[in-house]
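A.B. asks: Here you go, this is model33.pdb (PDB, C-alpha atoms).
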ATOM      1  CA  GLY A   1      23.867  55.868  33.581
ATOM      2  CA  GLY A   2      22.791  58.334  36.263
ATOM      3  CA  ALA A   3      26.245  59.642  37.162
ATOM      4  CA  ALA A   4      27.205  60.185  33.547
ATOM      5  CA  ALA A   5      23.911  61.830  32.655
ATOM      6  CA  ALA A   6      23.816  64.110  35.690
ATOM      7  CA  ALA A   7      27.216  65.692  35.120
ATOM      8  CA  PRO A   8      28.307  65.709  31.443
ATOM      9  CA  SER A   9      31.686  67.225  32.276
ATOM     10  CA  ALA A  10      32.372  64.448  34.782
ATOM     11  CA  ALA A  11      31.283  61.866  32.217
ATOM     12  CA  LEU A  12      34.195  62.925  30.005
ATOM     13  CA  GLU A  13      36.754  62.835  32.809
ATOM     14  CA  GLN A  14      39.782  60.601  32.363
ATOM     15  CA  ARG A  15      42.576  59.870  34.787
ATOM     16  CA  TRP A  16      46.025  58.490  34.079
ATOM     17  CA  LEU A  17      46.769  55.566  36.404
ATOM     18  CA  SER A  18      49.815  53.469  37.006
ATOM     19  CA  ALA A  19      49.569  49.791  36.162
ATOM     20  CA  SER A  20      49.357  48.883  39.863
ATOM     21  CA  ASP A  21      46.556  51.384  40.514
ATOM     22  CA  ALA A  22      44.725  50.161  37.421
ATOM     23  CA  SER A  23      44.999  46.559  38.650
ATOM     24  CA  ALA A  24      43.511  47.547  41.989
ATOM     25  CA  ILE A  25      40.507  49.160  40.318
ATOM     26  CA  ALA A  26      40.081  46.382  37.758
ATOM     27  CA  GLY A  27      40.180  43.640  40.371
ATOM     28  CA  ALA A  28      42.797  41.722  38.364
ATOM     29  CA  THR A  29      46.425  42.251  37.445
ATOM     30  CA  VAL A  30      47.008  43.935  34.087
ATOM     31  CA  GLY A  31      49.848  42.921  31.793
ATOM     32  CA  ALA A  32      53.474  43.531  32.707
ATOM     33  CA  GLY A  33      53.937  45.499  29.491
ATOM     34  CA  VAL A  34      51.256  47.998  30.487
ATOM     35  CA  GLU A  35      52.991  51.201  31.590
ATOM     36  CA  GLY A  36      49.839  53.101  32.470
ATOM     37  CA  VAL A  37      46.096  53.218  31.919
ATOM     38  CA  ALA A  38      43.626  55.946  30.961
ATOM     39  CA  HIS A  39      40.718  55.448  33.355
ATOM     40  CA  ALA A  40      37.253  56.883  32.611
ATOM     41  CA  PRO A  41      35.406  56.707  35.960
ATOM     42  CA  SER A  42      31.957  57.475  34.500
ATOM     43  CA  ALA A  43      32.236  55.287  31.399
ATOM     44  CA  LEU A  44      29.301  52.965  30.745
ATOM     45  CA  CYS A  45      28.888  49.511  29.250
ATOM     46  CA  VAL A  46      25.757  48.844  27.200
ATOM     47  CA  ASP A  47      24.076  45.445  27.014
ATOM     48  CA  THR A  48      23.258  45.804  23.308
ATOM     49  CA  PRO A  49      20.634  43.031  22.993
ATOM     50  CA  ALA A  50      18.811  44.300  26.090
ATOM     51  CA  TYR A  51      19.036  47.864  24.781
ATOM     52  CA  LEU A  52      17.553  46.885  21.404
ATOM     53  CA  ARG A  53      14.698  45.009  23.073
ATOM     54  CA  ALA A  54      13.953  48.049  25.212
ATOM     55  CA  LEU A  55      14.144  50.351  22.185
ATOM     56  CA  TRP A  56      11.634  48.202  20.280
ATOM     57  CA  ALA A  57       9.346  48.114  23.310
ATOM     58  CA  LEU A  58       9.512  51.919  23.472
ATOM     59  CA  CYS A  59       8.582  52.175  19.792
ATOM     60  CA  GLY A  60       5.581  49.943  20.468
ATOM     61  CA  ARG A  61       4.489  52.043  23.409
ATOM     62  CA  ILE A  62       4.712  55.271  21.424
ATOM     63  CA  ALA A  63       2.756  53.722  18.546
ATOM     64  CA  ARG A  64      -0.019  52.599  20.895
ATOM     65  CA  GLU A  65      -0.197  56.020  22.550
ATOM     66  CA  ARG A  66      -0.656  57.612  19.130
ATOM     67  CA  GLY A  67      -3.145  55.032  17.910
ATOM     68  CA  SER A  68      -0.756  53.773  15.236
ATOM     69  CA  GLY A  69       0.286  50.281  14.248
ATOM     70  CA  LEU A  70       3.736  48.753  14.524
ATOM     71  CA  GLU A  71       4.767  45.332  13.263
ATOM     72  CA  TRP A  72       7.988  43.364  12.892
ATOM     73  CA  ARG A  73       8.075  41.064   9.871
ATOM     74  CA  CYS A  74      10.916  38.813   8.764
ATOM     75  CA  SER A  75      11.172  37.753   5.124
ATOM     76  CA  ALA A  76      13.843  37.250   2.483
ATOM     77  CA  LEU A  77      13.438  39.777  -0.322
ATOM     78  CA  PRO A  78      15.945  40.035  -3.189
ATOM     79  CA  SER A  79      15.210  43.602  -4.271
ATOM     80  CA  LEU A  80      13.390  46.847  -3.569
ATOM     81  CA  ALA A  81      10.923  45.808  -6.244
ATOM     82  CA  ALA A  82      10.104  42.703  -4.203
ATOM     83  CA  VAL A  83       9.393  44.877  -1.145
ATOM     84  CA  ALA A  84       6.610  46.667  -3.003
ATOM     85  CA  ALA A  85       5.357  43.462  -4.622
ATOM     86  CA  ALA A  86       5.077  41.735  -1.231
ATOM     87  CA  ALA A  87       2.957  44.595   0.117
ATOM     88  CA  SER A  88       0.719  44.377  -2.925
ATOM     89  CA  GLU A  89       0.286  40.619  -2.509
ATOM     90  CA  ARG A  90      -0.872  41.193   1.064
ATOM     91  CA  GLY A  91      -3.456  43.664  -0.196
ATOM     92  CA  GLU A  92      -1.792  46.573   1.531
ATOM     93  CA  ALA A  93      -1.644  50.147   0.318
ATOM     94  CA  PRO A  94       1.690  51.208  -1.230
ATOM     95  CA  TYR A  95       4.338  52.397   1.198
ATOM     96  CA  ASP A  96       5.006  56.101   1.710
ATOM     97  CA  ALA A  97       8.739  55.409   2.038
ATOM     98  CA  VAL A  98      11.186  52.533   2.238
ATOM     99  CA  VAL A  99      14.353  52.904   4.335
ATOM    100  CA  VAL A 100      17.067  50.336   3.662
ATOM    101  CA  CYS A 101      18.743  49.482   6.990
ATOM    102  CA  LEU A 102      20.251  46.092   6.185
ATOM    103  CA  GLY A 103      23.800  46.558   7.391
ATOM    104  CA  SER A 104      26.190  44.315   5.473
ATOM    105  CA  ARG A 105      23.237  42.862   3.549
ATOM    106  CA  ALA A 106      22.248  46.166   1.917
ATOM    107  CA  SER A 107      24.238  45.381  -1.210
ATOM    108  CA  ASP A 108      22.377  42.044  -1.498
ATOM    109  CA  LEU A 109      19.406  43.999  -2.854
ATOM    110  CA  ALA A 110      19.598  43.824  -6.637
ATOM    111  CA  GLU A 111      19.281  47.568  -7.111
ATOM    112  CA  LEU A 112      22.050  48.304  -4.577
ATOM    113  CA  SER A 113      24.615  45.689  -5.547
ATOM    114  CA  GLY A 114      27.101  48.437  -6.389
ATOM    115  CA  LEU A 115      27.138  50.042  -2.943
ATOM    116  CA  PRO A 116      30.723  50.660  -1.769
ATOM    117  CA  LEU A 117      30.283  48.816   1.526
ATOM    118  CA  ARG A 118      33.122  46.567   2.671
ATOM    119  CA  PRO A 119      31.908  43.574   4.693
ATOM    120  CA  CYS A 120      34.087  42.693   7.675
ATOM    121  CA  ARG A 121      33.465  39.658   9.877
ATOM    122  CA  GLY A 122      33.986  39.973  13.602
ATOM    123  CA  GLN A 123      34.128  37.150  16.154
ATOM    124  CA  ASN A 124      33.881  37.397  19.938
ATOM    125  CA  LEU A 125      34.900  34.894  22.588
ATOM    126  CA  HIS A 126      32.944  34.428  25.816
ATOM    127  CA  LEU A 127      35.274  33.202  28.561
ATOM    128  CA  GLU A 128      34.781  32.304  32.210
ATOM    129  CA  ASN A 129      35.829  35.223  34.391
ATOM    130  CA  ARG A 130      38.209  33.251  36.582
ATOM    131  CA  ALA A 131      40.458  36.315  36.788
ATOM    132  CA  GLY A 132      37.799  38.190  38.740
ATOM    133  CA  LEU A 133      37.962  41.201  36.408
ATOM    134  CA  GLU A 134      35.492  43.888  37.509
ATOM    135  CA  THR A 135      36.165  46.712  35.026
ATOM    136  CA  PRO A 136      36.268  46.577  31.208
ATOM    137  CA  LEU A 137      39.651  46.855  29.543
ATOM    138  CA  ILE A 138      40.286  48.083  26.006
ATOM    139  CA  CYS A 139      43.518  48.395  24.059
ATOM    140  CA  GLY A 140      42.945  47.496  20.429
ATOM    141  CA  LYS A 141      40.872  44.547  21.685
ATOM    142  CA  TYR A 142      38.443  44.587  24.601
ATOM    143  CA  ILE A 143      37.618  42.485  27.651
ATOM    144  CA  VAL A 144      34.252  43.220  29.262
ATOM    145  CA  PRO A 145      32.721  41.486  32.311
ATOM    146  CA  VAL A 146      29.156  40.461  31.428
ATOM    147  CA  GLY A 147      26.498  38.043  32.632
ATOM    148  CA  GLU A 148      25.102  37.528  36.092
ATOM    149  CA  GLY A 149      27.567  39.038  38.519
ATOM    150  CA  GLY A 150      30.152  39.482  35.760
ATOM    151  CA  ASP A 151      30.835  35.749  35.620
ATOM    152  CA  LEU A 152      31.700  35.892  31.913
ATOM    153  CA  LEU A 153      34.173  37.929  29.884
ATOM    154  CA  LEU A 154      33.153  39.183  26.452
ATOM    155  CA  CYS A 155      36.355  39.432  24.429
ATOM    156  CA  GLY A 156      36.892  40.634  20.906
ATOM    157  CA  ALA A 157      36.810  41.296  18.228
ATOM    158  CA  THR A 158      38.426  39.956  15.103
ATOM    159  CA  PHE A 159      38.529  41.830  11.794
ATOM    160  CA  GLU A 160      38.205  39.360   8.926
ATOM    161  CA  TYR A 161      37.933  40.515   5.311
ATOM    162  CA  ASP A 162      37.935  37.192   3.437
ATOM    163  CA  PRO A 163      34.724  37.281   1.360
ATOM    164  CA  GLU A 164      34.568  33.484   1.266
ATOM    165  CA  GLY A 165      34.250  33.145   5.042
ATOM    166  CA  LEU A 166      31.977  36.056   5.911
ATOM    167  CA  ARG A 167      28.874  33.980   6.583
ATOM    168  CA  GLU A 168      30.587  30.945   8.082
ATOM    169  CA  PRO A 169      29.481  29.810  11.568
ATOM    170  CA  PRO A 170      31.577  31.085  14.487
ATOM    171  CA  SER A 171      34.808  29.186  15.079
ATOM    172  CA  GLU A 172      36.244  29.032  18.594
ATOM    173  CA  ALA A 173      39.600  27.859  17.227
ATOM    174  CA  GLU A 174      39.890  30.718  14.722
ATOM    175  CA  ALA A 175      38.764  33.347  17.220
ATOM    176  CA  ALA A 176      41.119  32.054  19.912
ATOM    177  CA  ALA A 177      44.063  32.052  17.486
ATOM    178  CA  ALA A 178      43.394  35.675  16.562
ATOM    179  CA  LEU A 179      42.434  37.060  19.954
ATOM    180  CA  LEU A 180      44.129  35.315  22.849
ATOM    181  CA  ALA A 181      47.616  36.770  22.353
ATOM    182  CA  PRO A 182      46.560  40.454  22.429
ATOM    183  CA  LEU A 183      44.064  39.709  25.215
ATOM    184  CA  GLU A 184      46.800  38.159  27.355
ATOM    185  CA  GLU A 185      48.920  41.303  26.944
ATOM    186  CA  MET A 186      46.159  43.210  28.719
ATOM    187  CA  LEU A 187      45.179  40.499  31.216
ATOM    188  CA  PRO A 188      47.702  37.646  31.545
ATOM    189  CA  SER A 189      45.426  35.467  33.683
ATOM    190  CA  ILE A 190      42.966  35.185  30.818
ATOM    191  CA  ARG A 191      45.129  32.494  29.216
ATOM    192  CA  ASP A 192      43.672  29.859  31.549
ATOM    193  CA  ALA A 193      40.035  30.932  31.166
ATOM    194  CA  PRO A 194      37.813  28.253  29.598
ATOM    195  CA  ILE A 195      35.981  29.250  26.437
ATOM    196  CA  VAL A 196      32.205  29.170  26.952
ATOM    197  CA  ARG A 197      31.132  30.046  23.407
ATOM    198  CA  CYS A 198      31.945  32.088  20.346
ATOM    199  CA  ASP A 199      29.700  34.335  18.281
ATOM    200  CA  ALA A 200      30.149  36.255  15.047
ATOM    201  CA  GLY A 201      28.649  39.052  13.000
ATOM    202  CA  VAL A 202      29.432  41.059   9.881
ATOM    203  CA  ARG A 203      30.105  44.785   9.897
ATOM    204  CA  ALA A 204      29.336  47.023   6.910
ATOM    205  CA  LEU A 205      32.314  49.369   6.624
ATOM    206  CA  PRO A 206      31.758  52.578   4.632
ATOM    207  CA  PRO A 207      34.433  54.236   2.492
ATOM    208  CA  ARG A 208      36.796  56.316   4.566
ATOM    209  CA  SER A 209      36.443  60.079   4.268
ATOM    210  CA  HIS A 210      38.365  62.979   5.812
ATOM    211  CA  PHE A 211      35.885  62.649   8.716
ATOM    212  CA  GLY A 212      36.786  58.970   9.166
ATOM    213  CA  TYR A 213      34.410  56.028   8.683
ATOM    214  CA  VAL A 214      31.176  58.015   8.586
ATOM    215  CA  PRO A 215      27.924  56.132   7.843
ATOM    216  CA  LEU A 216      26.203  56.429   4.464
ATOM    217  CA  VAL A 217      22.783  58.061   4.722
ATOM    218  CA  CYS A 218      21.012  59.442   1.668
ATOM    219  CA  LYS A 219      17.969  59.368  -0.560
ATOM    220  CA  LEU A 220      18.303  56.789  -3.324
ATOM    221  CA  PRO A 221      17.708  57.820  -6.960
ATOM    222  CA  VAL A 222      15.025  55.155  -7.397
ATOM    223  CA  GLU A 223      11.386  54.967  -6.429
ATOM    224  CA  VAL A 224       9.683  51.853  -5.136
ATOM    225  CA  ARG A 225       6.364  51.241  -6.821
ATOM    226  CA  GLY A 226       4.113  48.243  -6.431
ATOM    227  CA  ALA A 227       0.843  47.370  -8.094
ATOM    228  CA  ARG A 228      -2.133  49.020  -6.410
ATOM    229  CA  ARG A 229      -5.093  46.872  -5.589
ATOM    230  CA  GLY A 230      -6.894  46.089  -8.808
ATOM    231  CA  ASP A 231      -3.802  46.534 -10.998
ATOM    232  CA  GLY A 232      -3.308  42.790 -11.364
ATOM    233  CA  GLY A 233       0.304  42.984 -10.240
ATOM    234  CA  GLY A 234       1.664  43.643 -13.704
ATOM    235  CA  ARG A 235       3.343  47.024 -13.227
ATOM    236  CA  SER A 236       7.033  47.552 -12.676
ATOM    237  CA  ALA A 237       7.999  48.161  -9.076
ATOM    238  CA  LEU A 238      10.655  50.686 -10.066
ATOM    239  CA  GLY A 239      10.130  53.995 -11.781
ATOM    240  CA  GLY A 240       8.268  57.262 -11.412
ATOM    241  CA  GLY A 241       5.161  57.661  -9.339
ATOM    242  CA  GLY A 242       6.254  55.446  -6.453
ATOM    243  CA  CYS A 243       7.522  56.109  -2.950
ATOM    244  CA  ALA A 244      10.978  57.331  -2.072
ATOM    245  CA  ALA A 245      13.729  54.918  -1.055
ATOM    246  CA  TRP A 246      16.405  55.869   1.465
ATOM    247  CA  LEU A 247      19.681  54.309   2.591
ATOM    248  CA  PHE A 248      20.773  54.184   6.237
ATOM    249  CA  GLY A 249      23.884  52.035   6.380
ATOM    250  CA  GLY A 250      27.627  51.731   6.655
ATOM    251  CA  LEU A 251      27.654  52.117  10.440
ATOM    252  CA  GLY A 252      30.541  49.664  10.714
ATOM    253  CA  SER A 253      31.319  48.876  14.352
ATOM    254  CA  ARG A 254      30.055  52.260  15.572
ATOM    255  CA  GLY A 255      26.314  51.761  15.336
ATOM    256  CA  LEU A 256      25.794  52.449  19.014
ATOM    257  CA  ILE A 257      27.465  55.829  18.601
ATOM    258  CA  HIS A 258      25.672  56.957  15.444
ATOM    259  CA  HIS A 259      22.282  55.252  15.436
ATOM    260  CA  ALA A 260      20.214  57.645  17.557
ATOM    261  CA  VAL A 261      21.297  60.991  16.155
ATOM    262  CA  LEU A 262      21.258  59.739  12.563
ATOM    263  CA  GLY A 263      17.994  57.871  13.105
ATOM    264  CA  ARG A 264      16.336  61.115  14.135
ATOM    265  CA  SER A 265      17.746  62.867  11.064
ATOM    266  CA  VAL A 266      16.528  60.100   8.767
ATOM    267  CA  ALA A 267      13.033  60.218  10.249
ATOM    268  CA  GLU A 268      12.871  63.986   9.807
ATOM    269  CA  ALA A 269      14.179  63.780   6.233
ATOM    270  CA  VAL A 270      11.737  61.023   5.261
ATOM    271  CA  LEU A 271       8.718  62.800   6.746
ATOM    272  CA  ALA A 272       9.660  66.068   5.055
ATOM    273  CA  CYS A 273      10.942  64.362   1.892
ATOM    274  CA  ASP A 274      13.945  66.634   2.261
ATOM    275  CA  GLU A 275      17.392  65.107   2.008
ATOM    276  CA  SER A 276      19.026  68.351   3.145
ATOM    277  CA  ARG A 277      17.946  67.476   6.700
ATOM    278  CA  LEU A 278      20.603  64.751   6.725
ATOM    279  CA  PRO A 279      24.149  65.652   7.838
ATOM    280  CA  GLU A 280      26.059  66.695   4.735
ATOM    281  CA  HIS A 281      29.038  64.418   5.394
ATOM    282  CA  THR A 282      26.752  61.335   5.405
ATOM    283  CA  ARG A 283      25.439  62.183   1.915
ATOM    284  CA  ARG A 284      28.752  61.806   0.136
ATOM    285  CA  LEU A 285      27.378  59.143  -2.226
ATOM    286  CA  ASP A 286      25.012  61.606  -3.881
ATOM    287  CA  ALA A 287      27.298  62.352  -6.792
ATOM    288  CA  ARG A 288      28.154  58.683  -7.373
ATOM    289  CA  MET A 289      24.849  56.968  -6.697
ATOM    290  CA  GLY A 290      23.614  57.136 -10.295
ATOM    291  CA  GLU A 291      26.826  55.464 -11.470
ATOM    292  CA  LEU A 292      26.526  52.763  -8.818
ATOM    293  CA  LEU A 293      23.008  51.869  -9.927
ATOM    294  CA  VAL A 294      23.357  52.237 -13.686
ATOM    295  CA  SER A 295      24.755  48.748 -14.308
ATOM    296  CA  HIS A 296      21.789  47.083 -12.592
ATOM    297  CA  PHE A 297      19.215  49.023 -14.550
ATOM    298  CA  SER A 298      21.092  48.492 -17.811
ATOM    299  CA  ASP A 299      21.125  44.755 -17.224
ATOM    300  CA  THR A 300      17.448  44.477 -16.246
ATOM    301  CA  GLY A 301      15.958  46.948 -18.646
ATOM    302  CA  HIS A 302      14.647  49.230 -15.865
ATOM    303  CA  SER A 303      15.252  52.952 -15.874
ATOM    304  CA  SER A 304      15.721  55.138 -12.817
ATOM    305  CA  HIS A 305      14.128  58.553 -12.370
TER     306      HIS A 305
END
As a first step, turn the structure in this file into structure tokens.
C.D. replies:
Amino acid sequence: GGAAAAAPSAALEQRWLSASDASAIAGATVGAGVEGVAHAPSALCVDTPAYLRALWALCGRIARERGSGLEWRCSALPSLAAVAAAASERGEAPYDAVVVCLGSRASDLAELSGLPLRPCRGQNLHLENRAGLETPLICGKYIVPVGEGGDLLLCGATFEYDPEGLREPPSEAEAAAALLAPLEEMLPSIRDAPIVRCDAGVRALPPRSHFGYVPLVCKLPVEVRGARRGDGGGRSALGGGGCAAWLFGGLGSRGLIHHAVLGRSVAEAVLACDESRLPEHTRRLDARMGELLVSHFSDTGHSSH
């Protein structure tokens, strides 16, 4: 990332190349139907799993330097109320804030079942890089050399909206049927590449606005309240007097673009308890949020404040 970081103007540079020049740079012949290529010399590829591990390690280091605690816990919780109840059962003090960052699973929380998030399944194929491709290609779909020495090609991704198949295991046959034809248009030699594996995930697509598919980030009109120590666990976990709940979701397939700048805004808003610190165009659910939640509270007998 040094070249891109050192000269921002150069990082945005693009050059129009002929197909033959593009093939020379890519290390493999592009499709015959390709008339030209926009080449970004300083573009970067991010190893997302490695990046997330490094980001978590950085959070841990900062916490230790400040004498704070940091812990990753995995558990299945059906609602915001259960979040507070679980803390109470562990004998912990009530939370100061709860930020819902569950991606496509955000609407699985009982209180947020009405969120207007559209789940979209995406599958990738990992192929052997027998073509010798050295530079990523993107044209609707993408082909990215990954692995040790670029020996694999990460190819994707599908866009699948069938609600019945969202959580199904990855299918090499389905992914190949959807992806290989457009991939071959970019890189014909990919047709003979053996499939190594297939993986899948589910995007959470937000409603489209005049800004495009902008994430949904806002303060929720509910408070999370769990029983304090000594309460006996009998109090409702929703209602006045609890901690604020926030939503950070709907990043779709652009999480890498939005996560850092919006994450900073969310942290500032939570610490200040001031929703106005969030970008205005991410708070477009404000006017509708009460309507989205009213059915849940009507059905359960809870009331929101």
A.B. asks: Of the candidates A:His39, A:Gly252, A:Trp16, A:Ala204, which shows the shortest atom-to-atom distance to Asp108 (chain A), using only C-alpha atoms?
C.D. replies: A:Ala204
A.B. asks: Name every residue that the PyMOL selection byres ((chain A and resi 269) around 12) selects in this structure, writing the answer as a ChimeraX atom specification with chains first and numbers rising.
C.D. replies: /A:97,99,217-219,244-248,262-268,270-279
A.B. asks: Quick one: residues within 10 Å of Leu17 (chain A), all atoms listed in the file counted, chain neighbours fewer than 5 positions away excluded, as a VMD selection string?
C.D. replies: chain A and resid 22 to 23 25 35 to 39
A.B. asks: Report, in Å with one decimal, the straight-line distance from CA of Gly122 (chain A) to CA of Val202 (chain A).
C.D. replies: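 Interatomic distance, CA of Gly122 (chain A) to CA of Val202 (chain A): 6.0 Å.
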A.B. asks: Go through the shown structure with the PyMOL selection byres ((chain A and resi 121) around 9) and write out the matching residues as a PyMOL selection string.
C.D. replies: chain A and resi 119-120+122-123+158-163+165-167+200-204
A.B. asks: Counting all atoms listed in the file, which of A:Gly31, A:Pro116, A:Pro194, A:Gly212 gets nearest to Ser104 (chain A)?
C.D. replies: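 Checking each candidate against Ser104 (chain A), we get A:Pro116 as the closest.
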A.B. asks: Please compute the CA of Pro49 (chain A)-CA of Leu154 (chain A) distance, one decimal, in Å.
C.D. replies: 13.5 Å
A.B. asks: Record the distance separating CA of Arg61 (chain A) and CA of Thr48 (chain A), expressed in Å with one decimal.
C.D. replies: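 A separation of 19.8 Å between them.
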